[in-house]
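Worksheet for the structure shown next.
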Amino acid sequence: MKGKFFAALTLAATLLVTGCGGSDTSKAPADKGADTKEVTLKIGATPVPHAELLEQIKTDLKERGINLEVIEFNDYVQPNIALNDKELDANFFQHEPYLKDFINEHKDVKLTNAGGIHIEPMGIYSKKITALADLPDGAVVSIPNDPTNGGRALLLLQKANLLKLKDGANETATVQDIAENPRNLIIQEVEAAQLPRTLEDVTISIINTNFAMNAELNPMKDALFIEDSTSPYVNIIAVREGDESRAEIKALVEALKSDKIKKFITDKYNGAIVPAF
């Protein structure tokens with residue numbers, strides 16, 4: 001009898017512990033959430049405006065358990081190489097035509113567009129003339145030397161009626177696609193980041209807005225001619241193929257497409273940069 005009595009007590013105790021365990025299990029998701037570790041996202045970006053925009057969302061992402069680490073670059077090649085080599089989680093500096101051209105030239109690169117954020121209108125700048133009507137015959141013109149931005153610059157020169165390209169020429173146009181050059185312009189191809197430095201030596205330069213602003217040029221005041229808001233060159237968040245579905249990347253894009261960032265772009269850049277959302 002004594003053995004049966006103790007067996008009954010043991011069984012009751014086991015049932016009691018099991019019952020308590022079931023109650024704790026129902027609270028596990030909340031406890032697990034509280035213990036979730038912070039995720040770090042390393043984003044490569046050019047300083048203006050990309051890094052500036054990213055700085056605005058650091059606190060917002062922090063509240064969602066994401067630590068945003070911004071690594072600045074001053075060229076258009078290394079951010080894609082670093083991203084492809086898994087040194088970065090994403091980058092923010094380029095438009096999709098440039099990314100597509102980069103991928104075509106680097107067959108081992110597997111990157112994709114995770115979301116478009118803003119447009120940076122390309123402009124024509126000068127320290128020697130104050131209006132394109134004053135552009136002399138034989139003027140020296142500097143343009144970006146990368147394929148898509150070089151073609152984009154030539155299209156802008158055509159839109160400004162300074163030259164004419166062959167029929168069908170698009171963003172991949174090169175100087176060989178110039179059909180008419182009535183001003184006898186001398187085109188010099190220069191690394192995009194260095195274009196502001198050429199202003200002392202050339203008559204006009206076609207400069208990407210991010211590099212213009214980094215050189216303290218105001219696109220709305222200093223540009224002699226500028227793209228309008230219909231430009232197809234939307235700056236994007238680029239990631240490795242497959243990573244566009246990562247929760248952290250989606251949160252990054254969502255934060256950059258917020259009303260907060262739209263207001264920041266509008267207030268700070270006064271039309272020199274246009275939201276694409």
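Just so we're on the same page: first chain in the structure tokens is A, next is B, and so on; residues restart at 1 for each chain, and ligands are numbered from 1 in the order they show up.
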| said: Using DSSP assignments from the backbone, pull out every residue in stretch 99-232 of chain A that falls under helix (DSSP H, G or I) and give it to me as an MDAnalysis selection string. | reply: chainID A and resid 99:105 132:134 147:159 175:177 192:200 209:214 219:222
| Near A:Asp85, counting only C-alpha atoms, which residues have an atom at most 12 Å away, once you skip same-chain residues fewer than 2 positions from it, shown as a ChimeraX atom specification? | /A:78-83,87-90,108-111,239-240
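Residues within 10 Å of A:Ala153, counting only C-alpha atoms and excluding same-chain residues fewer than 4 positions away, are Met122, Gly123, Ile124, Ser142, Ile143, Pro144, Asn145, Pro147, Thr148, Asn149, Leu157, Gln158, Lys159, Glu171, Ala173, Thr174, Ser205, Ile206, Ile207, Asn208 and Glu227 of chain A.
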Just-selected residues, C-alpha atoms written as a tab-separated table (two decimals), in the first residue's frame:
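Final file, out04.tsv:
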```
chain	number	residue	atom	x	y	z
A	122	MET	CA	22.19	65.55	-63.99
A	123	GLY	CA	23.23	69.12	-64.76
A	124	ILE	CA	25.56	71.21	-66.90
A	142	SER	CA	33.93	67.06	-69.56
A	143	ILE	CA	31.49	64.18	-69.10
A	144	PRO	CA	31.45	60.97	-66.98
A	145	ASN	CA	33.59	58.16	-68.38
A	147	PRO	CA	29.09	53.99	-70.08
A	148	THR	CA	25.61	54.79	-68.77
A	149	ASN	CA	26.37	58.19	-67.24
A	157	LEU	CA	23.82	67.88	-74.33
A	158	GLN	CA	21.45	66.92	-77.14
A	159	LYS	CA	18.44	68.06	-75.11
A	171	GLU	CA	21.69	55.96	-72.51
A	173	ALA	CA	25.50	56.32	-76.43
A	174	THR	CA	29.20	57.15	-76.79
A	205	SER	CA	31.05	69.92	-67.29
A	206	ILE	CA	28.11	67.52	-67.03
A	207	ILE	CA	28.04	66.37	-63.40
A	208	ASN	CA	25.91	63.92	-61.43
A	227	GLU	CA	17.28	67.18	-66.33
```
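Computed from the coordinates, the atom CA of A:Val274 to atom CA of A:Gln56 distance equals 16.5 Å.
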A:Glu96 environment, 12 Å, only C-alpha atoms, sequence neighbours closer than 3 positions dropped, as a PDB file with C-alpha atoms, in the first residue's frame:
```pdb
ATOM      1  CA  PHE A  92      22.937  53.006 -52.326  1.00  0.00           C
ATOM      2  CA  PHE A  93      24.585  55.190 -54.961  1.00  0.00           C
ATOM      3  CA  LEU A  99      23.769  48.598 -62.402  1.00  0.00           C
ATOM      4  CA  LYS A 100      22.656  46.682 -65.498  1.00  0.00           C
ATOM      5  CA  ASP A 101      25.671  47.881 -67.452  1.00  0.00           C
ATOM      6  CA  PHE A 102      27.976  46.973 -64.550  1.00  0.00           C
ATOM      7  CA  ILE A 103      26.524  43.456 -64.443  1.00  0.00           C
ATOM      8  CA  LEU A 111      23.205  41.996 -57.931  1.00  0.00           C
ATOM      9  CA  THR A 112      19.654  43.281 -58.252  1.00  0.00           C
ATOM     10  CA  ASN A 113      17.404  46.256 -57.539  1.00  0.00           C
ATOM     11  CA  ALA A 114      15.623  46.101 -54.170  1.00  0.00           C
ATOM     12  CA  GLY A 115      13.775  49.425 -54.551  1.00  0.00           C
ATOM     13  CA  GLY A 116      13.955  52.872 -56.159  1.00  0.00           C
ATOM     14  CA  ILE A 117      14.291  55.874 -53.842  1.00  0.00           C
ATOM     15  CA  HIS A 118      14.997  59.171 -55.624  1.00  0.00           C
ATOM     16  CA  ILE A 119      16.101  60.898 -58.808  1.00  0.00           C
ATOM     17  CA  THR A 148      25.606  54.792 -68.767  1.00  0.00           C
ATOM     18  CA  ASN A 149      26.373  58.188 -67.240  1.00  0.00           C
ATOM     19  CA  GLU A 171      21.689  55.962 -72.513  1.00  0.00           C
ATOM     20  CA  PRO A 232      14.358  57.566 -65.794  1.00  0.00           C
ATOM     21  CA  TYR A 233      17.500  57.415 -63.689  1.00  0.00           C
ATOM     22  CA  VAL A 234      16.048  56.486 -60.300  1.00  0.00           C
ATOM     23  CA  ASN A 235      18.654  55.810 -57.609  1.00  0.00           C
ATOM     24  CA  ILE A 236      18.163  52.384 -56.079  1.00  0.00           C
ATOM     25  CA  ILE A 237      19.058  50.117 -53.183  1.00  0.00           C
ATOM     26  CA  ALA A 238      21.127  47.306 -54.701  1.00  0.00           C
ATOM     27  CA  VAL A 239      21.546  43.901 -53.040  1.00  0.00           C
TER      28      VAL A 239
END
```
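Nearest-residue note for A:Ala131: choosing from A:Ile204, A:Val39, A:Leu165, A:Val253, the minimum distance belongs to A:Ile204, counting only C-alpha atoms.
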| request: Excluding stretch 60-72 of chain A and any residue of its chain fewer than 5 positions from it, enumerate the residues within 12 Å of it, using only C-alpha atoms, and give them as number ranges by chain. | output: A: 33-55, 78-79, 82-83, 87-93, 247-256, 258, 260-261
| remark: Pairwise distance, atom CA of A:Ile186 with atom CA of A:Ile273, equals 29.2 Å
| task | Find the spatial neighbours of stretch 214-218 of chain A, counting only C-alpha atoms, within a cut-off of 7 Å - ignore same-chain residues fewer than 3 positions away - and output them as a ChimeraX atom specification. | result | /A:48,196,210-211,221-222
| request: Could you check which of A:Val202, A:His106, A:Val190, A:Leu163 is closest to A:Ile129, using only C-alpha atoms? | output: A:Val202
| said: as a ChimeraX atom specification, please: every residue in stretch 31-74 of chain A that a backbone DSSP assignment puts in strand (DSSP E or B). | reply: /A:39-45,66-72
